[in-house]
file upload34.tsv (TSV, C-alpha atoms (C1' of nucleotides))
chain	number	residue	atom	x	y	z
A	1350	MET	CA	232.80	7.88	5.86
A	1351	THR	CA	231.17	9.46	2.85
A	1352	LYS	CA	227.70	8.59	1.75
A	1353	SER	CA	228.90	7.08	-1.49
A	1354	LYS	CA	231.22	4.74	0.36
A	1355	GLN	CA	228.38	3.61	2.54
A	1356	LYS	CA	226.43	2.91	-0.61
A	1357	ASP	CA	229.29	0.85	-2.01
A	1358	GLN	CA	229.43	-1.16	1.17
A	1359	HIS	CA	225.76	-1.85	1.05
A	1360	ARG	CA	226.00	-2.98	-2.55
A	1361	ASP	CA	228.82	-5.34	-1.68
A	1362	ARG	CA	226.83	-6.89	1.12
A	1363	VAL	CA	223.81	-7.25	-1.14
A	1364	GLU	CA	225.91	-9.07	-3.70
A	1365	ARG	CA	227.46	-11.35	-1.15
A	1366	VAL	CA	224.09	-12.28	0.28
A	1367	ALA	CA	222.64	-12.75	-3.20
A	1368	ASP	CA	225.41	-15.13	-4.14
A	1369	ARG	CA	225.15	-17.20	-0.98
A	1370	LEU	CA	221.39	-17.31	-1.23
A	1371	HIS	CA	221.55	-18.57	-4.78
A	1372	SER	CA	223.99	-21.29	-3.89
A	1373	THR	CA	221.89	-22.35	-0.92
A	1374	ALA	CA	218.76	-22.47	-3.03
A	1375	ILE	CA	220.45	-24.70	-5.57
A	1376	HIS	CA	221.63	-27.14	-2.99
A	1377	LEU	CA	218.30	-27.19	-1.20
A	1378	LEU	CA	216.62	-28.29	-4.38
A	1379	ARG	CA	218.99	-31.15	-4.98
A	1380	VAL	CA	216.29	-33.33	-3.55
A	1381	ARG	CA	215.78	-35.11	-6.77
A	1382	ARG	CA	214.12	-38.13	-5.35
A	1383	THR	CA	211.02	-36.30	-4.18
A	1384	HIS	CA	209.45	-36.53	-7.59
A	1385	THR	CA	211.22	-39.59	-8.97
A	1386	ALA	CA	209.04	-41.77	-6.79
A	1387	SER	CA	205.84	-40.49	-8.33
A	1388	ARG	CA	206.65	-40.63	-12.04
A	1389	ALA	CA	205.67	-36.97	-12.31
A	1390	GLY	CA	208.40	-34.60	-13.42
A	1391	PRO	CA	209.19	-31.47	-11.40
A	1392	ALA	CA	207.59	-29.19	-13.98
A	1393	GLN	CA	204.43	-31.28	-13.88
A	1394	LEU	CA	204.32	-31.14	-10.08
A	1395	SER	CA	204.90	-27.42	-10.08
A	1396	ALA	CA	202.18	-26.76	-12.64
A	1397	LEU	CA	199.83	-29.05	-10.77
A	1398	SER	CA	200.50	-27.14	-7.60
A	1399	VAL	CA	199.56	-23.89	-9.30
A	1400	LEU	CA	196.36	-25.51	-10.51
A	1401	VAL	CA	195.40	-26.97	-7.18
A	1402	PHE	CA	195.95	-23.76	-5.25
A	1403	GLY	CA	194.93	-21.34	-7.98
A	1404	GLY	CA	191.78	-22.93	-9.27
A	1405	PRO	CA	191.28	-23.97	-12.90
A	1406	LEU	CA	193.47	-21.98	-15.26
A	1407	THR	CA	193.97	-21.65	-18.99
A	1408	LEU	CA	197.17	-22.76	-20.65
A	1409	GLY	CA	198.16	-19.14	-21.06
A	1410	GLN	CA	197.71	-18.43	-17.37
A	1411	LEU	CA	199.75	-21.49	-16.47
A	1412	THR	CA	202.43	-20.41	-18.90
A	1413	ALA	CA	202.63	-17.02	-17.21
A	1414	ALA	CA	202.60	-18.48	-13.72
A	1415	GLU	CA	205.39	-20.92	-14.50
A	1416	GLN	CA	207.36	-18.47	-16.62
A	1417	VAL	CA	207.72	-20.94	-19.40
A	1418	ASN	CA	207.07	-20.76	-23.13
A	1419	ALA	CA	203.75	-21.84	-24.52
A	1420	PRO	CA	204.89	-25.05	-26.24
A	1421	THR	CA	206.54	-26.22	-23.04
A	1422	MET	CA	203.32	-25.81	-21.10
A	1423	THR	CA	201.35	-27.56	-23.84
A	1424	ARG	CA	203.55	-30.57	-23.32
A	1425	ILE	CA	203.56	-30.43	-19.52
A	1426	VAL	CA	199.77	-30.36	-19.48
A	1427	ALA	CA	199.63	-33.15	-22.06
A	1428	GLY	CA	201.66	-35.28	-19.66
A	1429	LEU	CA	199.45	-34.42	-16.70
A	1430	ARG	CA	196.44	-35.29	-18.79
A	1431	ARG	CA	197.84	-38.64	-19.91
A	1432	SER	CA	198.21	-39.56	-16.26
A	1433	ALA	CA	194.71	-38.27	-15.46
A	1434	TRP	CA	196.00	-35.70	-12.98
A	1435	VAL	CA	194.15	-32.96	-14.84
A	1436	LEU	CA	191.22	-32.85	-17.20
A	1437	ILE	CA	190.15	-30.45	-19.92
A	1438	PRO	CA	186.40	-30.08	-20.42
A	1439	ASP	CA	184.81	-28.75	-23.57
A	1440	PRO	CA	185.39	-25.03	-23.83
A	1441	GLU	CA	183.08	-22.13	-24.58
A	1442	ASP	CA	185.79	-20.15	-26.31
A	1443	ALA	CA	187.38	-22.88	-28.38
A	1444	ARG	CA	190.72	-21.09	-28.37
A	1445	ARG	CA	191.11	-21.31	-24.62
A	1446	VAL	CA	192.11	-24.54	-22.93
A	1447	ARG	CA	190.91	-24.60	-19.34
A	1448	VAL	CA	192.78	-27.08	-17.16
A	1449	PHE	CA	191.24	-28.61	-14.02
A	1450	PRO	CA	193.04	-30.70	-11.42
A	1451	THR	CA	191.45	-34.09	-10.72
A	1452	ALA	CA	191.09	-35.79	-7.36
A	1453	SER	CA	194.02	-38.06	-8.10
A	1454	GLY	CA	196.02	-34.99	-9.13
A	1455	VAL	CA	195.35	-33.44	-5.74
A	1456	ASP	CA	196.37	-36.70	-4.10
A	1457	LEU	CA	199.60	-36.86	-6.04
A	1458	LEU	CA	200.47	-33.31	-5.13
A	1459	GLU	CA	199.83	-33.90	-1.46
A	1460	GLN	CA	202.07	-36.95	-1.42
A	1461	ALA	CA	204.85	-35.13	-3.22
A	1462	GLN	CA	204.63	-32.22	-0.81
A	1463	ARG	CA	204.69	-34.56	2.13
A	1464	ARG	CA	207.95	-36.13	0.91
A	1465	ARG	CA	209.52	-32.74	0.27
A	1466	ILE	CA	208.50	-31.32	3.59
A	1467	ASP	CA	209.57	-34.44	5.45
A	1468	TYR	CA	212.98	-34.25	3.87
A	1469	LEU	CA	213.54	-30.63	4.79
A	1470	ALA	CA	211.86	-30.88	8.16
A	1471	LYS	CA	214.11	-33.76	9.15
A	1472	GLY	CA	217.09	-31.46	8.83
A	1473	PHE	CA	215.38	-28.54	10.50
A	1474	ALA	CA	214.08	-30.42	13.48
A	1475	ARG	CA	217.27	-29.62	15.38
A	1476	LEU	CA	216.95	-25.88	14.90
A	1477	THR	CA	216.07	-23.84	17.92
A	1478	PRO	CA	212.82	-21.88	17.84
A	1479	SER	CA	214.72	-18.65	17.39
A	1480	GLU	CA	216.73	-20.02	14.49
A	1481	LEU	CA	213.52	-21.19	12.93
A	1482	ALA	CA	212.08	-17.73	13.38
A	1483	VAL	CA	215.05	-16.19	11.57
A	1484	VAL	CA	214.61	-18.53	8.61
A	1485	ASP	CA	210.90	-17.84	8.53
A	1486	LYS	CA	211.46	-14.12	8.59
A	1487	ALA	CA	214.05	-14.38	5.81
A	1488	VAL	CA	211.63	-16.30	3.62
A	1489	GLU	CA	209.13	-13.52	4.14
A	1490	ILE	CA	211.65	-10.85	3.24
A	1491	VAL	CA	212.82	-12.65	0.12
A	1492	THR	CA	209.30	-13.36	-1.01
A	1493	ALA	CA	208.33	-9.71	-0.57
A	1494	ALA	CA	211.43	-8.62	-2.48
A	1495	ARG	CA	210.61	-11.00	-5.32
A	1496	MET	CA	207.07	-9.72	-5.54
A	1497	SER	CA	208.21	-6.14	-5.79
A	1498	TRP	CA	210.60	-6.61	-8.65
A	1499	GLU	CA	209.20	-9.31	-10.87
R	1303	MET	CA	200.86	-26.95	28.22
R	1304	THR	CA	202.40	-30.40	28.23
R	1305	LYS	CA	205.82	-31.07	26.84
R	1306	SER	CA	204.47	-33.26	24.07
R	1307	LYS	CA	202.19	-30.48	22.92
R	1308	GLN	CA	205.11	-28.10	22.76
R	1309	LYS	CA	206.91	-30.64	20.66
R	1310	ASP	CA	203.95	-30.89	18.32
R	1311	GLN	CA	203.88	-27.15	17.95
R	1312	HIS	CA	207.54	-27.05	17.12
R	1313	ARG	CA	207.13	-29.77	14.50
R	1314	ASP	CA	204.27	-27.86	12.92
R	1315	ARG	CA	206.36	-24.72	12.72
R	1316	VAL	CA	209.25	-26.65	11.23
R	1317	GLU	CA	206.99	-28.06	8.55
R	1318	ARG	CA	205.50	-24.71	7.73
R	1319	VAL	CA	208.90	-23.10	7.39
R	1320	ALA	CA	210.19	-26.06	5.34
R	1321	ASP	CA	207.30	-25.73	2.92
R	1322	ARG	CA	207.66	-21.99	2.48
R	1323	LEU	CA	211.40	-22.28	2.11
R	1324	HIS	CA	211.04	-24.87	-0.61
R	1325	SER	CA	208.58	-22.78	-2.52
R	1326	THR	CA	210.79	-19.71	-2.21
R	1327	ALA	CA	213.84	-21.62	-3.40
R	1328	ILE	CA	211.98	-22.84	-6.47
R	1329	HIS	CA	210.87	-19.39	-7.42
R	1330	LEU	CA	214.26	-17.86	-6.79
R	1331	LEU	CA	215.78	-20.25	-9.28
R	1332	ARG	CA	213.32	-19.39	-12.00
R	1333	VAL	CA	216.08	-17.22	-13.39
R	1334	ARG	CA	216.30	-19.21	-16.52
R	1335	ARG	CA	217.99	-16.55	-18.54
R	1336	THR	CA	221.24	-16.64	-16.58
R	1337	HIS	CA	222.47	-19.63	-18.51
R	1338	THR	CA	220.45	-19.32	-21.70
R	1339	ALA	CA	222.70	-16.49	-22.83
R	1340	SER	CA	225.86	-18.55	-22.56
R	1341	ARG	CA	224.85	-21.78	-24.29
R	1342	ALA	CA	225.91	-23.70	-21.17
R	1343	GLY	CA	223.17	-25.67	-19.42
R	1344	PRO	CA	222.63	-25.28	-15.69
R	1345	ALA	CA	224.18	-28.65	-14.92
R	1346	GLN	CA	227.28	-27.69	-16.89
R	1347	LEU	CA	227.58	-24.39	-15.06
R	1348	SER	CA	227.14	-26.06	-11.70
R	1349	ALA	CA	229.75	-28.71	-12.42
R	1350	LEU	CA	232.11	-26.08	-13.75
R	1351	SER	CA	231.67	-24.11	-10.57
R	1352	VAL	CA	232.64	-27.11	-8.49
R	1353	LEU	CA	235.71	-27.55	-10.66
R	1354	VAL	CA	236.78	-23.94	-10.50
R	1355	PHE	CA	236.46	-23.66	-6.74
R	1356	GLY	CA	237.44	-27.20	-5.85
R	1357	GLY	CA	240.45	-27.72	-8.06
R	1358	PRO	CA	240.73	-30.52	-10.63
R	1359	LEU	CA	238.48	-33.46	-9.82
R	1360	THR	CA	237.79	-36.92	-11.18
R	1361	LEU	CA	234.48	-37.81	-12.74
R	1362	GLY	CA	233.61	-39.78	-9.65
R	1363	GLN	CA	234.26	-36.84	-7.37
R	1364	LEU	CA	232.18	-34.59	-9.60
R	1365	THR	CA	229.42	-37.16	-9.59
R	1366	ALA	CA	229.43	-37.18	-5.79
R	1367	ALA	CA	229.59	-33.41	-5.53
R	1368	GLU	CA	226.68	-32.92	-7.89
R	1369	GLN	CA	224.67	-35.85	-6.56
R	1370	VAL	CA	224.08	-37.19	-10.00
R	1371	ASN	CA	224.51	-40.63	-11.57
R	1372	ALA	CA	227.73	-41.47	-13.34
R	1373	PRO	CA	226.40	-41.51	-16.92
R	1374	THR	CA	224.89	-38.09	-16.42
R	1375	MET	CA	228.22	-36.64	-15.34
R	1376	THR	CA	229.98	-38.34	-18.23
R	1377	ARG	CA	227.70	-36.44	-20.57
R	1378	ILE	CA	227.90	-33.13	-18.74
R	1379	VAL	CA	231.69	-33.23	-18.86
R	1380	ALA	CA	231.62	-34.26	-22.51
R	1381	GLY	CA	229.64	-31.11	-23.22
R	1382	LEU	CA	232.01	-28.92	-21.24
R	1383	ARG	CA	234.89	-30.46	-23.11
R	1384	ARG	CA	233.31	-29.90	-26.52
R	1385	SER	CA	233.10	-26.23	-25.67
R	1386	ALA	CA	236.67	-26.19	-24.34
R	1387	TRP	CA	235.60	-25.11	-20.88
R	1388	VAL	CA	237.45	-28.08	-19.37
R	1389	LEU	CA	240.27	-30.32	-20.49
R	1390	ILE	CA	241.28	-33.85	-19.64
R	1391	PRO	CA	245.02	-34.58	-19.72
R	1392	ASP	CA	246.49	-38.03	-20.07
R	1393	PRO	CA	246.00	-39.92	-16.83
R	1394	GLU	CA	248.37	-41.97	-14.70
R	1395	ASP	CA	245.62	-44.32	-13.62
R	1396	ALA	CA	243.83	-44.89	-16.91
R	1397	ARG	CA	240.58	-45.61	-15.12
R	1398	ARG	CA	240.38	-42.17	-13.58
R	1399	VAL	CA	239.36	-39.16	-15.64
R	1400	ARG	CA	240.74	-35.98	-14.12
R	1401	VAL	CA	238.91	-32.85	-15.24
R	1402	PHE	CA	240.56	-29.42	-15.29
R	1403	PRO	CA	238.81	-26.09	-15.86
R	1404	THR	CA	240.32	-23.98	-18.63
R	1405	ALA	CA	240.77	-20.21	-18.65
R	1406	SER	CA	237.73	-19.77	-20.86
R	1407	GLY	CA	235.81	-22.02	-18.49
R	1408	VAL	CA	236.68	-19.73	-15.61
R	1409	ASP	CA	235.62	-16.76	-17.72
R	1410	LEU	CA	232.31	-18.33	-18.56
R	1411	LEU	CA	231.61	-19.10	-14.94
R	1412	GLU	CA	232.41	-15.57	-13.84
R	1413	GLN	CA	230.09	-14.09	-16.41
R	1414	ALA	CA	227.28	-16.45	-15.47
R	1415	GLN	CA	227.72	-15.63	-11.78
R	1416	ARG	CA	227.73	-11.94	-12.53
R	1417	ARG	CA	224.39	-12.24	-14.32
R	1418	ARG	CA	222.92	-14.29	-11.50
R	1419	ILE	CA	224.11	-11.99	-8.78
R	1420	ASP	CA	223.03	-8.90	-10.67
R	1421	TYR	CA	219.57	-10.32	-11.06
R	1422	LEU	CA	219.16	-11.11	-7.39
R	1423	ALA	CA	220.99	-8.04	-6.17
R	1424	LYS	CA	218.72	-5.78	-8.19
R	1425	GLY	CA	215.79	-7.05	-6.15
R	1426	PHE	CA	217.64	-6.92	-2.86
R	1427	ALA	CA	219.02	-3.42	-3.25
R	1428	ARG	CA	215.94	-2.02	-1.57
R	1429	LEU	CA	216.30	-4.14	1.55
R	1430	THR	CA	217.35	-2.40	4.71
R	1431	PRO	CA	220.65	-3.44	6.27
R	1432	SER	CA	218.82	-5.25	9.04
R	1433	GLU	CA	216.65	-7.17	6.58
R	1434	LEU	CA	219.76	-8.12	4.70
R	1435	ALA	CA	221.31	-9.33	7.92
R	1436	VAL	CA	218.30	-11.55	8.61
R	1437	VAL	CA	218.57	-13.14	5.18
R	1438	ASP	CA	222.29	-13.62	5.59
R	1439	LYS	CA	221.83	-15.24	8.96
R	1440	ALA	CA	219.12	-17.52	7.59
R	1441	VAL	CA	221.39	-18.67	4.79
R	1442	GLU	CA	223.98	-19.53	7.39
R	1443	ILE	CA	221.50	-21.48	9.48
R	1444	VAL	CA	220.15	-23.41	6.52
R	1445	THR	CA	223.60	-24.19	5.24
R	1446	ALA	CA	224.68	-25.48	8.63
R	1447	ALA	CA	221.54	-27.59	8.89
R	1448	ARG	CA	222.18	-29.09	5.45
R	1449	MET	CA	225.76	-29.95	6.35
R	1450	SER	CA	224.70	-31.77	9.46
R	1451	TRP	CA	222.17	-34.06	7.87
R	1452	GLU	CA	223.38	-34.84	4.42
E	261	DT	C1'	178.86	-10.24	-44.08
E	262	DT	C1'	183.02	-11.18	-45.13
E	263	DA	C1'	188.26	-10.03	-45.18
E	264	DG	C1'	191.76	-9.20	-42.26
E	265	DA	C1'	193.79	-8.80	-37.68
E	266	DT	C1'	194.30	-10.69	-33.11
E	267	DT	C1'	194.43	-14.33	-29.77
E	268	DA	C1'	195.53	-18.99	-28.07
E	269	DG	C1'	197.63	-23.26	-28.68
E	270	DT	C1'	199.98	-26.85	-31.38
E	271	DT	C1'	203.51	-29.18	-34.15
E	272	DA	C1'	208.18	-30.03	-35.33
E	273	DG	C1'	212.65	-30.26	-34.19
E	274	DC	C1'	216.67	-29.36	-31.44
E	275	DA	C1'	219.63	-29.64	-26.95
E	276	DT	C1'	220.20	-30.57	-21.99
E	277	DC	C1'	219.59	-33.46	-18.16
E	278	DG	C1'	217.88	-37.09	-15.23
E	279	DC	C1'	217.49	-42.19	-14.90
E	280	DT	C1'	218.61	-47.57	-15.40
E	281	DA	C1'	220.81	-51.55	-17.56
E	282	DA	C1'	224.51	-53.45	-19.62
E	283	DC	C1'	229.24	-53.25	-20.98
E	284	DA	C1'	234.40	-52.22	-21.28
E	285	DA	C1'	238.82	-51.17	-19.60
E	286	DT	C1'	242.13	-50.77	-16.11
E	287	DA	C1'	244.30	-51.80	-11.71
E	288	DT	C1'	244.84	-54.76	-7.81
E	289	DA	C1'	245.05	-59.05	-5.11
E	290	DC	C1'	245.67	-63.77	-4.62
G	1079	DG	C1'	248.33	-65.15	-14.35
G	1080	DT	C1'	243.67	-65.36	-13.44
G	1081	DA	C1'	239.86	-63.39	-10.45
G	1082	DT	C1'	237.98	-59.33	-8.53
G	1083	DA	C1'	237.23	-54.57	-7.75
G	1084	DT	C1'	237.20	-49.88	-9.48
G	1085	DT	C1'	235.92	-46.42	-12.75
G	1086	DG	C1'	233.69	-44.77	-16.73
G	1087	DT	C1'	231.12	-45.35	-21.10
G	1088	DT	C1'	227.34	-46.69	-24.27
G	1089	DA	C1'	222.60	-47.18	-25.31
G	1090	DG	C1'	218.27	-45.75	-24.77
G	1091	DC	C1'	214.09	-43.75	-22.44
G	1092	DG	C1'	211.40	-39.70	-20.72
G	1093	DA	C1'	210.92	-34.92	-19.09
G	1094	DT	C1'	211.94	-30.08	-19.84
G	1095	DG	C1'	213.60	-26.06	-22.00
G	1096	DC	C1'	213.92	-23.38	-26.44
G	1097	DT	C1'	212.63	-21.18	-31.34
G	1098	DA	C1'	210.23	-21.17	-35.74
G	1099	DA	C1'	206.37	-21.97	-38.20
G	1100	DC	C1'	201.63	-23.21	-38.36
G	1101	DT	C1'	196.44	-23.86	-37.38
G	1102	DA	C1'	192.18	-22.70	-35.48
G	1103	DA	C1'	188.96	-19.64	-33.41
G	1104	DT	C1'	187.34	-15.14	-32.37
G	1105	DC	C1'	186.87	-10.30	-33.08
G	1106	DT	C1'	186.76	-5.95	-35.85
G	1107	DA	C1'	185.39	-3.10	-39.26
G	1108	DA	C1'	184.37	-1.68	-43.98

call {"tool": "encode", "arguments": {"input": "upload34.tsv", "output": "C-alpha cells"}}
result
Amino acid sequence: MTKSKQKDQHRDRVERVADRLHSTAIHLLRVRRTHTASRAGPAQLSALSVLVFGGPLTLGQLTAAEQVNAPTMTRIVAGLRRSAWVLIPDPEDARRVRVFPTASGVDLLEQAQRRRIDYLAKGFARLTPSELAVVDKAVEIVTAARMSWE
Amino acid sequence: MTKSKQKDQHRDRVERVADRLHSTAIHLLRVRRTHTASRAGPAQLSALSVLVFGGPLTLGQLTAAEQVNAPTMTRIVAGLRRSAWVLIPDPEDARRVRVFPTASGVDLLEQAQRRRIDYLAKGFARLTPSELAVVDKAVEIVTAARMSWE
DNA sequence: TTAGATTAGTTAGCATCGCTAACAATATAC
DNA sequence: GTATATTGTTAGCGATGCTAACTAATCTAA
C-alpha cells in the first residue's frame, strides 16, 4: 500500500470518528431537565461555572471563555445578577465590569452539577472499570486535541 | 480492602468521568458557526437529520426522537417548511402530520455535516491511530450505555 | 491640556428554541 | 350519534444567539 493511500485511510477514520463523536455529544447533552429545575438557563450555568472555577473575571474575559458575543454576555450576566448569583462591585477602571460569584451562586452551581453528574453516572454505573478507563482516556485525548487547535 | 470500599471507589471514578465527559461534550459543541452559515438553527438541523436518516415521520415521532415538547416541534417543522427543506403532503389520517425531507433539505444537511466534520477532523488529524481507536471505542461504550438507560 | 483614538460594554432589535396552559380538530368506541 | 381519546396548534413567556449602532471611560500625543 502506498503512503498516500494510508493517509487517505487515516483521514477517513478521522472523519468517521469525528461524526460519531459529534452525534454522541449532542445526545449526551439532551439532558434538558438539569437546568430547568433551577430556573437558571444553560448559558447562565456555564458562565457561572467559569466564574466559580476561574475566579472573578471581567465581561470581556467571560465573553472569550464562553465564545459568545459581547451583548450576549452582557445579558447573561444581567440575569445572573438579577438572581443574586453574581455581584459587580464598584470598579477602578470604570470601563471594566468585574463579575464575582456569590455564595448562593456557588450553591446553585453545585446543585446543578450534582444533578448532571447523577444523571450520567446512573448510566455509567454498569460500566466495567476497564470500559470506564477507556472513556476517561478518550476524554483526555479529545480535550488535549481541542486545546491544541482552538 | 472491603467490598464496599471498592464499590465506593468505583462510584467516585464514575462520577469523575461523568463530570469530565459532560464538560468535554459542552465544549465540543461550541461549534456555533456550523449552522450560522446556513440560516438553519441547530434544532432544525437536528430534526432534519432525523428525518433524512429515519424516513418520513409524524410530528409526534419527531417530538419523541428529539425529546422536545410538541409545540416546540410544531414550530421547528414550520421553520423547515418555510425554507422548503421539508414538505407535508395531504394526510390520510387528518390528525397526523407526516413530514418528508426534500432534496434541498438533504443538501442542506450534507453541507452542515461536512462543516461539522471538517471542523472536528481538523483537530483530530494529528491523533495517532491508537488514540483514534481509543476515542472510537469510547464513543461506542457511551452510546451503548445511553441506549441501555434511556 | 485637550482632541482624537482605543477599549469595554450597552442598547435595540431580530430569530430560534425551550417551556406550560389552553384550545381545536379528527378518529374511534360505545 | 354522542363521548372519549389522539394529535397538533395557538398564545405567550423567558433564555440565548446574532449584528448594528451607540455611549462612556481611558489613553495618547501634539

call {"tool": "interface_residues", "arguments": {"input": "upload34.tsv", "of": "chain E", "to": "chain A", "cutoff": "12 Å", "atoms": "all atoms listed in the file", "output": "list in words"}}
result
DT266, DT267, DA268, DG269, DT270, DT271, DA272, DG278 and DC279 of chain E

call {"tool": "atom_distance", "arguments": {"input": "upload34.tsv", "atom1": "CA of Phe1355 (chain R)", "atom2": "CA of Val1437 (chain R)"}}
result
23.9 Å

call {"tool": "calpha_fit_rmsd", "arguments": {"input": "upload34.tsv", "fixed": "chain R", "moving": "chain A"}}
result
0.1 Å

call {"tool": "atom_distance", "arguments": {"input": "upload34.tsv", "atom1": "CA of Val1316 (chain R)", "atom2": "CA of Ala1392 (chain A)"}}
result
25.4 Å

call {"tool": "interface_residues", "arguments": {"input": "upload34.tsv", "of": "chain G", "to": "chain R", "cutoff": "8 Å", "atoms": "all atoms listed in the file", "output": "PyMOL selection string"}}
result
chain G and resi 1084-1087

call {"tool": "closest_residue", "arguments": {"input": "upload34.tsv", "among": "G:DC1105, G:DA1089, G:DA1098, G:DA1083", "to": "DA282 (chain E)", "atoms": "all atoms listed in the file"}}
result
G:DA1089

call {"tool": "closest_residue", "arguments": {"input": "upload34.tsv", "among": "R:Gln1346, R:Leu1331, R:Leu1364, R:Gln1311", "to": "chain A", "atoms": "all atoms listed in the file"}}
result
R:Leu1331

call {"tool": "interface_residues", "arguments": {"input": "upload34.tsv", "of": "chain R", "to": "chain A", "cutoff": "6 Å", "atoms": "only C-alpha atoms", "output": "PDB file with C-alpha atoms, in the frame of the given file"}}
result
ATOM      1  CA  VAL R1316     209.250 -26.650  11.230  1.00  0.00           C
ATOM      2  CA  GLU R1317     206.990 -28.060   8.550  1.00  0.00           C
ATOM      3  CA  VAL R1319     208.900 -23.100   7.390  1.00  0.00           C
ATOM      4  CA  ALA R1320     210.190 -26.060   5.340  1.00  0.00           C
ATOM      5  CA  ASP R1321     207.300 -25.730   2.920  1.00  0.00           C
ATOM      6  CA  ALA R1327     213.840 -21.620  -3.400  1.00  0.00           C
ATOM      7  CA  ILE R1419     224.110 -11.990  -8.780  1.00  0.00           C
ATOM      8  CA  LEU R1422     219.160 -11.110  -7.390  1.00  0.00           C
ATOM      9  CA  ALA R1423     220.990  -8.040  -6.170  1.00  0.00           C
ATOM     10  CA  GLY R1425     215.790  -7.050  -6.150  1.00  0.00           C
ATOM     11  CA  VAL R1436     218.300 -11.550   8.610  1.00  0.00           C
ATOM     12  CA  VAL R1437     218.570 -13.140   5.180  1.00  0.00           C
ATOM     13  CA  ASP R1438     222.290 -13.620   5.590  1.00  0.00           C
ATOM     14  CA  ALA R1440     219.120 -17.520   7.590  1.00  0.00           C
ATOM     15  CA  ALA R1447     221.540 -27.590   8.890  1.00  0.00           C
ATOM     16  CA  TRP R1451     222.170 -34.060   7.870  1.00  0.00           C
TER      17      TRP R1451
END

call {"tool": "residues_around", "arguments": {"input": "upload34.tsv", "residues": "Val1448 (chain A)", "least_positions_apart": "3", "cutoff": "10 Å", "atoms": "only C-alpha atoms (C1' of nucleotides)", "output": "list in words"}}
result
Leu1397, Leu1400, Gly1404, Pro1405, Leu1406, Thr1407, Leu1408, Gln1410, Leu1411, Val1426, Leu1429, Arg1430, Val1435, Leu1436, Ile1437, Pro1438, Arg1445 and Thr1451 of chain A

call {"tool": "atom_distance", "arguments": {"input": "upload34.tsv", "atom1": "CA of Leu1410 (chain R)", "atom2": "C1' of DC274 (chain E)"}}
result
23.1 Å

call {"tool": "residues_around", "arguments": {"input": "upload34.tsv", "residues": "DA1107 (chain G)", "least_positions_apart": "5", "cutoff": "12 Å", "atoms": "only C-alpha atoms (C1' of nucleotides)", "output": "PyMOL selection string"}}
result
chain E and resi 261-265

call {"tool": "closest_residue", "arguments": {"input": "upload34.tsv", "among": "G:DT1094, G:DT1082, G:DT1104, G:DT1088", "to": "DC277 (chain E)", "atoms": "only C-alpha atoms (C1' of nucleotides)"}}
result
G:DT1094

call {"tool": "build_atoms", "arguments": {"input": "upload34.tsv", "residues": "region 1393-1405 of chain R", "atoms": "N, CA and C atoms", "output": "mmCIF file, in the coordinates of the input"}}
result
data_model
loop_
_atom_site.group_PDB
_atom_site.id
_atom_site.type_symbol
_atom_site.label_atom_id
_atom_site.label_comp_id
_atom_site.auth_asym_id
_atom_site.auth_seq_id
_atom_site.Cartn_x
_atom_site.Cartn_y
_atom_site.Cartn_z
ATOM 1 N N PRO R 1393 246.030 -39.518 -18.236
ATOM 2 C CA PRO R 1393 246.000 -39.920 -16.830
ATOM 3 C C PRO R 1393 247.175 -40.845 -16.475
ATOM 4 N N GLU R 1394 247.449 -40.917 -15.171
ATOM 5 C CA GLU R 1394 248.370 -41.970 -14.700
ATOM 6 C C GLU R 1394 247.571 -43.262 -14.564
ATOM 7 N N ASP R 1395 246.550 -43.200 -13.711
ATOM 8 C CA ASP R 1395 245.620 -44.320 -13.620
ATOM 9 C C ASP R 1395 244.593 -44.153 -14.735
ATOM 10 N N ALA R 1396 244.650 -45.065 -15.699
ATOM 11 C CA ALA R 1396 243.830 -44.890 -16.910
ATOM 12 C C ALA R 1396 242.342 -45.113 -16.644
ATOM 13 N N ARG R 1397 242.004 -45.516 -15.426
ATOM 14 C CA ARG R 1397 240.580 -45.610 -15.120
ATOM 15 C C ARG R 1397 240.033 -44.241 -14.766
ATOM 16 N N ARG R 1398 240.837 -43.473 -14.060
ATOM 17 C CA ARG R 1398 240.380 -42.170 -13.580
ATOM 18 C C ARG R 1398 240.439 -41.116 -14.674
ATOM 19 N N VAL R 1399 239.397 -40.282 -14.704
ATOM 20 C CA VAL R 1399 239.360 -39.160 -15.640
ATOM 21 C C VAL R 1399 239.458 -37.880 -14.825
ATOM 22 N N ARG R 1400 240.588 -37.225 -14.879
ATOM 23 C CA ARG R 1400 240.740 -35.980 -14.120
ATOM 24 C C ARG R 1400 240.357 -34.793 -14.992
ATOM 25 N N VAL R 1401 239.479 -33.953 -14.466
ATOM 26 C CA VAL R 1401 238.910 -32.850 -15.240
ATOM 27 C C VAL R 1401 239.452 -31.521 -14.723
ATOM 28 N N PHE R 1402 240.008 -30.722 -15.637
ATOM 29 C CA PHE R 1402 240.560 -29.420 -15.290
ATOM 30 C C PHE R 1402 239.767 -28.312 -15.953
ATOM 31 N N PRO R 1403 239.445 -27.244 -15.219
ATOM 32 C CA PRO R 1403 238.810 -26.090 -15.860
ATOM 33 C C PRO R 1403 239.850 -25.338 -16.687
ATOM 34 N N THR R 1404 239.424 -24.806 -17.821
ATOM 35 C CA THR R 1404 240.320 -23.980 -18.630
ATOM 36 C C THR R 1404 240.092 -22.502 -18.315
ATOM 37 N N ALA R 1405 240.927 -21.650 -18.883
ATOM 38 C CA ALA R 1405 240.770 -20.210 -18.650
ATOM 39 C C ALA R 1405 239.417 -19.735 -19.166
#
